[in-house]
Amino acid sequence: MLRWGAAAYALPGVLALVVADLWRNGSAFVHPEPWLVLDAPVRHLLSALLGLAFGALVVAATRGAVARFRWAQGLHAALRPFARGMSPLTIVVVAGLSSFGEEMFFRGLLAPGIGIIPQALLFGAAHQITGSSRWVWVAWATVVGLSLGVMFQLTGSLFGPLLAHAMVNALNLAYLKSHDPEPRHGLGGLFRRERYP
């Protein structure tokens, strides 16, 4: 199962690399018209630093939202079954390959061609789940996709979005696996407080 999932994530990334090379005559790792014109080492370093900072911010925001808001707890509960059976190695592989595939496709290939906002809307729409948390997940993914697109166009380097995406996916999958926002109560929930909307 992991092999097919890994291939499903890796394939769009490989295709994006090939198409970007043929279509733009350049790499999907580099934006053809960055807002900041920087030498390659500076561009990649700035992108990586922004990516790590943004990834840490998203991870912290995720935990804060799950601790405070019912909509975030509902989304966490909806996504938790996906991560529950994953081993640490599976989490690392899925986080890395999903980051590679999605960043190469949405940011590396689409963003320079169709723009930051359309690629973010498509990225959000690609994150569909069933149930009442669907639109929360789509909105969250759209905002993250917009931020990653801005980072790519600002610096001209895809390293930051790749790092941020992999970091968020790995740490949030581990969090989904280990954290149950609904505490278990003894005596069949006899002393559980009633929760009202």
# chains A, B, ... in the order shown; residues from 1 in each chain; ligands from 1
$ select_by_dssp --residues "segment 71-186 of chain A" --states "alpha helix (DSSP H)" --output "JSON, numbers by chain"
{"A": [71, 72, 73, 74, 75, 76, 77, 78, 79, 80, 81, 82, 83, 84, 88, 89, 90, 91, 92, 93, 94, 95, 96, 97, 98, 99, 100, 101, 102, 111, 112, 113, 114, 116, 117, 118, 119, 120, 121, 122, 123, 124, 125, 134, 135, 136, 137, 138, 139, 140, 141, 142, 143, 144, 145, 146, 147, 148, 149, 150, 151, 152, 153, 154, 155, 159, 160, 161, 162, 163, 164, 165, 166, 167, 168, 169, 170, 171, 172, 173, 174, 175, 176, 177, 178]}
$ residues_around --residues "Thr142 of chain A" --least-positions-apart "3" --cutoff "6 Å" --atoms "only C-alpha atoms" --output "PyMOL selection string"
chain A and resi 120-121+124+139+145
$ write_last_selection --atoms "all heavy atoms" --output "mmCIF file, in the first residue's frame"
data_model
loop_
_atom_site.group_PDB
_atom_site.id
_atom_site.type_symbol
_atom_site.label_atom_id
_atom_site.label_comp_id
_atom_site.auth_asym_id
_atom_site.auth_seq_id
_atom_site.Cartn_x
_atom_site.Cartn_y
_atom_site.Cartn_z
ATOM 1 N N ALA A 120 -3.183 28.381 -5.536
ATOM 2 C CA ALA A 120 -3.597 28.149 -4.154
ATOM 3 C C ALA A 120 -5.023 27.615 -4.094
ATOM 4 O O ALA A 120 -5.331 26.724 -3.290
ATOM 5 C CB ALA A 120 -3.478 29.447 -3.350
ATOM 6 N N LEU A 121 -5.905 28.154 -4.939
ATOM 7 C CA LEU A 121 -7.287 27.655 -4.977
ATOM 8 C C LEU A 121 -7.332 26.198 -5.437
ATOM 9 O O LEU A 121 -8.088 25.381 -4.886
ATOM 10 C CB LEU A 121 -8.134 28.530 -5.897
ATOM 11 C CG LEU A 121 -8.370 29.959 -5.407
ATOM 12 C CD1 LEU A 121 -9.039 30.801 -6.491
ATOM 13 C CD2 LEU A 121 -9.199 29.974 -4.125
ATOM 14 N N GLY A 124 -6.034 24.041 -2.585
ATOM 15 C CA GLY A 124 -7.077 23.850 -1.584
ATOM 16 C C GLY A 124 -8.133 22.862 -2.043
ATOM 17 O O GLY A 124 -8.540 21.974 -1.294
ATOM 18 N N ALA A 139 -10.133 25.329 3.122
ATOM 19 C CA ALA A 139 -9.728 26.711 3.418
ATOM 20 C C ALA A 139 -8.322 26.755 4.005
ATOM 21 O O ALA A 139 -7.498 27.594 3.609
ATOM 22 C CB ALA A 139 -10.728 27.355 4.383
ATOM 23 N N GLY A 145 -1.316 27.047 0.788
ATOM 24 C CA GLY A 145 -0.855 27.076 -0.601
ATOM 25 C C GLY A 145 -0.547 28.488 -1.076
ATOM 26 O O GLY A 145 0.423 28.707 -1.812
#
$ atom_distance --atom1 "atom CA of Ser98 of chain A" --atom2 "atom CA of Tyr9 of chain A"
5.1 Å
$ residues_around --residues "Gly64 of chain A" --least-positions-apart "6" --cutoff "12 Å" --atoms "only C-alpha atoms" --output "short mmCIF file (atom, residue, chain, number, x, y, z; two decimals) with N, CA and C atoms, in the first residue's frame"
data_model
loop_
_atom_site.label_atom_id
_atom_site.label_comp_id
_atom_site.auth_asym_id
_atom_site.auth_seq_id
_atom_site.Cartn_x
_atom_site.Cartn_y
_atom_site.Cartn_z
N LEU A 57 5.57 27.87 12.31
CA LEU A 57 4.36 28.64 12.59
C LEU A 57 3.10 27.83 12.33
N VAL A 58 3.05 27.10 11.22
CA VAL A 58 1.88 26.29 10.89
C VAL A 58 1.70 25.16 11.91
N ARG A 70 -13.45 24.07 18.35
CA ARG A 70 -14.18 22.84 17.99
C ARG A 70 -13.99 22.50 16.51
N ALA A 72 -11.39 22.94 14.71
CA ALA A 72 -10.08 22.30 14.55
C ALA A 72 -10.08 20.89 15.13
N GLN A 73 -10.80 20.70 16.22
CA GLN A 73 -10.92 19.36 16.80
C GLN A 73 -11.67 18.43 15.86
N PRO A 181 -7.83 14.52 20.65
CA PRO A 181 -8.37 15.72 21.30
C PRO A 181 -9.57 15.45 22.19
#
$ closest_residue --among "A:Gly85, A:Asp180, A:Phe54, A:Arg80" --to "Ser147 of chain A" --atoms "only C-alpha atoms"
A:Phe54
$ atom_distance --atom1 "atom CA of Pro81 of chain A" --atom2 "atom CA of Ser133 of chain A"
13.9 Å
$ closest_residue --among "A:Val144, A:Val136, A:Ala126, A:Val92" --to "Gly74 of chain A" --atoms "only C-alpha atoms"
A:Val136
$ closest_residue --among "A:Gly101, A:Gly115, A:Gly5, A:Gly51" --to "Met151 of chain A" --atoms "only C-alpha atoms"
A:Gly51
$ atom_distance --atom1 "atom CA of Leu52 of chain A" --atom2 "atom CA of Glu103 of chain A"
15.0 Å
$ residues_around --residues "Gly160 of chain A" --least-positions-apart "3" --cutoff "12 Å" --atoms "only C-alpha atoms" --output "number ranges by chain"
A: 29-30, 43-55, 99-100, 103, 107-108, 147-157, 163-167
$ closest_residue --among "A:Gly131, A:Pro41, A:Gly13, A:Pro161" --to "Ser27 of chain A" --atoms "only C-alpha atoms"
A:Gly13
